[in-house]
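A.B. asks: Below is input.cif; it holds mmCIF, C-alpha atoms, pLDDT in the B column; chains and numbers go by the auth columns.
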```
data_work
#
loop_
_atom_site.group_PDB
_atom_site.id
_atom_site.type_symbol
_atom_site.label_atom_id
_atom_site.label_comp_id
_atom_site.label_asym_id
_atom_site.label_seq_id
_atom_site.Cartn_x
_atom_site.Cartn_y
_atom_site.Cartn_z
_atom_site.B_iso_or_equiv
_atom_site.auth_seq_id
_atom_site.auth_asym_id
ATOM 1 C CA MET A 1 0.000 0.000 0.000 83.00 1 A
ATOM 2 C CA ARG A 2 1.147 3.525 -0.693 79.00 2 A
ATOM 3 C CA ALA A 3 -0.187 6.683 1.016 69.00 3 A
ATOM 4 C CA SER A 4 0.320 10.049 -0.680 73.00 4 A
ATOM 5 C CA GLU A 5 -0.650 13.462 0.617 77.00 5 A
ATOM 6 C CA THR A 6 -3.177 15.359 -1.454 78.00 6 A
ATOM 7 C CA VAL A 7 -4.758 18.776 -1.414 80.00 7 A
ATOM 8 C CA HIS A 8 -8.423 18.989 -0.389 78.00 8 A
ATOM 9 C CA ALA A 9 -10.780 19.211 -3.357 73.00 9 A
ATOM 10 C CA GLU A 10 -14.487 19.808 -3.760 73.00 10 A
ATOM 11 C CA ASN A 11 -16.095 16.616 -5.028 69.00 11 A
ATOM 12 C CA GLN A 12 -18.131 16.647 -8.209 69.00 12 A
ATOM 13 C CA ASP A 13 -20.425 13.975 -6.832 67.00 13 A
ATOM 14 C CA PHE A 14 -21.269 13.038 -3.271 66.00 14 A
ATOM 15 C CA LEU A 15 -23.662 10.414 -1.887 68.00 15 A
ATOM 16 C CA ASP A 16 -24.649 10.986 1.704 70.00 16 A
ATOM 17 C CA SER A 17 -26.092 7.483 2.085 79.00 17 A
ATOM 18 C CA PRO A 18 -24.838 5.081 -0.593 87.00 18 A
ATOM 19 C CA PHE A 19 -26.198 1.573 -1.031 89.00 19 A
ATOM 20 C CA TYR A 20 -24.012 -1.283 0.160 93.00 20 A
ATOM 21 C CA ARG A 21 -23.987 -4.844 -1.101 93.00 21 A
ATOM 22 C CA VAL A 22 -23.178 -7.737 1.226 95.00 22 A
ATOM 23 C CA ASN A 23 -22.520 -11.249 -0.023 94.00 23 A
ATOM 24 C CA PHE A 24 -22.543 -14.036 2.560 93.00 24 A
ATOM 25 C CA TRP A 25 -20.817 -17.228 1.462 90.00 25 A
ATOM 26 C CA GLU A 26 -21.351 -20.657 3.007 87.00 26 A
ATOM 27 C CA GLN A 27 -19.945 -24.022 1.992 82.00 27 A
ATOM 28 C CA ALA A 28 -22.453 -26.746 2.869 76.00 28 A
ATOM 29 C CA SER A 29 -20.036 -29.643 2.778 74.00 29 A
ATOM 30 C CA PRO A 30 -16.620 -29.427 1.116 66.00 30 A
ATOM 31 C CA PRO A 31 -15.683 -29.875 -1.643 67.00 31 A
ATOM 32 C CA ARG A 32 -19.034 -28.577 -2.869 71.00 32 A
ATOM 33 C CA GLY A 33 -19.281 -25.029 -4.195 75.00 33 A
ATOM 34 C CA TRP A 34 -20.084 -22.009 -2.086 79.00 34 A
ATOM 35 C CA MET A 35 -23.719 -20.935 -1.625 84.00 35 A
ATOM 36 C CA LEU A 36 -24.444 -17.213 -1.850 87.00 36 A
ATOM 37 C CA ASP A 37 -26.909 -15.035 0.078 91.00 37 A
ATOM 38 C CA ALA A 38 -26.776 -11.465 -1.241 93.00 38 A
ATOM 39 C CA TYR A 39 -28.271 -8.340 0.341 94.00 39 A
ATOM 40 C CA VAL A 40 -28.488 -4.652 -0.498 93.00 40 A
ATOM 41 C CA LEU A 41 -28.395 -2.245 2.440 94.00 41 A
ATOM 42 C CA SER A 42 -30.060 1.148 1.995 91.00 42 A
ATOM 43 C CA ASP A 43 -30.783 4.116 4.269 91.00 43 A
ATOM 44 C CA VAL A 44 -27.462 3.435 5.995 92.00 44 A
ATOM 45 C CA GLU A 45 -26.075 5.976 8.447 91.00 45 A
ATOM 46 C CA ASP A 46 -22.413 4.943 8.129 90.00 46 A
ATOM 47 C CA LEU A 47 -20.044 1.979 7.831 91.00 47 A
ATOM 48 C CA THR A 48 -20.320 1.282 11.554 94.00 48 A
ATOM 49 C CA GLU A 49 -24.001 0.497 11.042 95.00 49 A
ATOM 50 C CA VAL A 50 -23.125 -1.780 8.097 95.00 50 A
ATOM 51 C CA GLN A 51 -20.516 -3.593 10.203 94.00 51 A
ATOM 52 C CA ARG A 52 -23.021 -4.152 13.044 96.00 52 A
ATOM 53 C CA TRP A 53 -25.566 -5.508 10.555 96.00 53 A
ATOM 54 C CA ILE A 54 -22.998 -7.927 9.102 96.00 54 A
ATOM 55 C CA GLU A 55 -21.934 -9.125 12.565 95.00 55 A
ATOM 56 C CA GLY A 56 -25.583 -9.694 13.501 96.00 56 A
ATOM 57 C CA ASN A 57 -26.387 -11.642 10.335 96.00 57 A
ATOM 58 C CA ALA A 58 -23.195 -13.506 9.376 95.00 58 A
ATOM 59 C CA ARG A 59 -23.903 -16.622 11.509 93.00 59 A
ATOM 60 C CA GLY A 60 -20.314 -17.760 10.957 91.00 60 A
ATOM 61 C CA ARG A 61 -20.463 -17.306 7.183 91.00 61 A
ATOM 62 C CA ARG A 62 -17.759 -15.615 5.155 91.00 62 A
ATOM 63 C CA PHE A 63 -18.720 -12.277 3.644 94.00 63 A
ATOM 64 C CA GLU A 64 -17.642 -9.624 1.212 95.00 64 A
ATOM 65 C CA LEU A 65 -18.728 -5.981 1.279 95.00 65 A
ATOM 66 C CA PHE A 66 -19.160 -3.531 -1.610 95.00 66 A
ATOM 67 C CA VAL A 67 -20.475 -0.013 -2.101 93.00 67 A
ATOM 68 C CA GLU A 68 -22.646 0.478 -5.189 90.00 68 A
ATOM 69 C CA MET A 69 -21.386 3.027 -7.725 88.00 69 A
ATOM 70 C CA GLN A 70 -24.848 4.230 -8.791 83.00 70 A
ATOM 71 C CA GLN A 71 -28.052 4.827 -6.860 82.00 71 A
ATOM 72 C CA GLU A 72 -30.382 2.089 -8.076 84.00 72 A
ATOM 73 C CA PRO A 73 -33.835 1.612 -6.558 85.00 73 A
ATOM 74 C CA VAL A 74 -34.393 -1.496 -4.458 87.00 74 A
ATOM 75 C CA LYS A 75 -36.484 -3.881 -6.552 85.00 75 A
ATOM 76 C CA PRO A 76 -38.140 -7.244 -5.890 86.00 76 A
ATOM 77 C CA PHE A 77 -35.811 -10.189 -5.194 82.00 77 A
ATOM 78 C CA ALA A 78 -35.964 -11.646 -8.727 84.00 78 A
ATOM 79 C CA SER A 79 -34.739 -8.375 -10.320 85.00 79 A
ATOM 80 C CA PRO A 80 -30.935 -8.399 -10.534 85.00 80 A
ATOM 81 C CA ARG A 81 -29.063 -5.276 -9.479 85.00 81 A
ATOM 82 C CA LYS A 82 -26.888 -3.780 -12.215 85.00 82 A
ATOM 83 C CA SER A 83 -24.878 -1.085 -10.443 87.00 83 A
ATOM 84 C CA GLY A 84 -21.110 -1.312 -10.563 87.00 84 A
ATOM 85 C CA LEU A 85 -19.470 -2.292 -7.287 90.00 85 A
ATOM 86 C CA ILE A 86 -16.413 -1.121 -5.375 90.00 86 A
ATOM 87 C CA ARG A 87 -15.007 -3.773 -3.047 91.00 87 A
ATOM 88 C CA LEU A 88 -14.535 -2.556 0.533 92.00 88 A
ATOM 89 C CA LEU A 89 -13.845 -5.758 2.488 88.00 89 A
ATOM 90 C CA ARG A 90 -12.966 -9.406 1.971 83.00 90 A
ATOM 91 C CA SER A 91 -13.080 -11.491 -1.218 75.00 91 A
ATOM 92 C CA ASP A 92 -15.098 -14.068 -3.143 73.00 92 A
ATOM 93 C CA PRO A 93 -14.107 -17.560 -1.919 76.00 93 A
ATOM 94 C CA ASN A 94 -14.604 -18.843 -5.475 70.00 94 A
ATOM 95 C CA ALA A 95 -11.972 -16.482 -6.923 71.00 95 A
ATOM 96 C CA GLY A 96 -9.185 -18.457 -8.558 60.00 96 A
ATOM 97 C CA GLU A 97 -10.895 -21.796 -8.004 58.00 97 A
ATOM 98 C CA PRO A 98 -11.234 -24.018 -11.069 55.00 98 A
ATOM 99 C CA VAL A 99 -14.765 -24.953 -12.022 52.00 99 A
ATOM 100 C CA HIS A 100 -15.264 -28.507 -13.232 51.00 100 A
ATOM 101 C CA ILE A 101 -18.394 -29.075 -15.274 47.00 101 A
ATOM 102 C CA THR A 102 -19.359 -32.587 -16.212 46.00 102 A
ATOM 103 C CA ALA A 103 -22.233 -33.702 -18.329 49.00 103 A
ATOM 104 C CA SER A 104 -23.702 -37.116 -18.909 48.00 104 A
ATOM 105 C CA LEU A 105 -23.995 -37.939 -22.561 50.00 105 A
ATOM 106 C CA PRO A 106 -27.000 -39.926 -23.723 55.00 106 A
ATOM 107 C CA THR A 107 -26.204 -43.569 -24.401 52.00 107 A
#
```
Can I see the file as structure tokens?
C.D. replies:
Amino acid sequence: MRASETVHAENQDFLDSPFYRVNFWEQASPPRGWMLDAYVLSDVEDLTEVQRWIEGNARGRRFELFVEMQQEPVKPFASPRKSGLIRLLRSDPNAGEPVHITASLPT
């Protein structure tokens, strides 16, 4: 990591309460793949509130935390979110893992 001093600047854009995305990952029984539970957090006061929510809902699961790049309304569960993400904490446990797909051919 490198830290460099900078002069204060007035931001072009500022979100007072951005949306956060939390992915909880759980592996039912290794070596099976990881199961994902994803949440969007809105009307958040600050990162401390996000951290408390994660601690209260993780139930021992791994997690990763993002901030959404665009304000996108919260939609019903089946509607995928399309906003770009900036990673804040942790990583996807599937990253770098090979995926083996097998198919049975008809005989």
A.B. asks: Restricting the calculation to all atoms listed in the file: of A:Ser17, A:Thr6, A:Ser29, A:Ser91, which residue gets closest to A:Glu49?
C.D. replies: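 Closest residue, counting all atoms listed in the file: A:Ser17.
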A.B. asks: Any idea what's packed within 6 Å of stretch 69-73 of chain A, counting all atoms listed in the file, ignoring anything in its chain fewer than 2 positions away? Could you give it as a ChimeraX atom specification?
C.D. replies: /A:83-85
A.B. asks: Which one is closest to A:Arg21: A:Ala95, A:Leu88, A:Val74, A:Leu65? Count only C-alpha atoms.
C.D. replies: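 Distance minimum relative to A:Arg21 lands on A:Leu65.
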A.B. asks: Calculated over only C-alpha atoms, which of the candidates A:Ser42, A:Gln27, A:Asn94, A:Thr48 has the smallest distance to A:Val67?
C.D. replies: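 Of all the options, A:Ser42 lies closest to A:Val67.
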A.B. asks: Can you translate the PyMOL selection byres ((chain A and resi 54) around 10) into the concrete residues it hits in this file, as a CSV table (one decimal) with C-alpha atoms, in the frame of the given file?
C.D. replies:
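Below is the file that was written, expr15.csv:
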```csv
chain,number,residue,atom,x,y,z
A,22,VAL,CA,-23.2,-7.7,1.2
A,23,ASN,CA,-22.5,-11.2,0.0
A,24,PHE,CA,-22.5,-14.0,2.6
A,48,THR,CA,-20.3,1.3,11.6
A,49,GLU,CA,-24.0,0.5,11.0
A,50,VAL,CA,-23.1,-1.8,8.1
A,51,GLN,CA,-20.5,-3.6,10.2
A,52,ARG,CA,-23.0,-4.2,13.0
A,53,TRP,CA,-25.6,-5.5,10.6
A,55,GLU,CA,-21.9,-9.1,12.6
A,56,GLY,CA,-25.6,-9.7,13.5
A,57,ASN,CA,-26.4,-11.6,10.3
A,58,ALA,CA,-23.2,-13.5,9.4
A,59,ARG,CA,-23.9,-16.6,11.5
A,61,ARG,CA,-20.5,-17.3,7.2
A,63,PHE,CA,-18.7,-12.3,3.6
A,64,GLU,CA,-17.6,-9.6,1.2
A,65,LEU,CA,-18.7,-6.0,1.3
```
A.B. asks: Just how far from atom CA of A:Asp43 is atom CA of A:Pro80, in Å to one decimal?
C.D. replies: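 Going from atom CA of A:Pro80 over to atom CA of A:Asp43, I get 19.4 Å.
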A.B. asks: Name the closest residue to A:Tyr20 among the candidates A:Pro93, A:Met35, A:Leu47, A:Glu5; distances are taken between atoms, counting only C-alpha atoms.
C.D. replies: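 Selected residue with least distance to A:Tyr20: A:Leu47.
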A.B. asks: Can you measure atom CA of A:Pro18 to atom CA of A:Asp92 for me? One decimal in Å is fine.
C.D. replies: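 Computing the Euclidean distance for atom CA of A:Pro18 and atom CA of A:Asp92 yields 21.6 Å.
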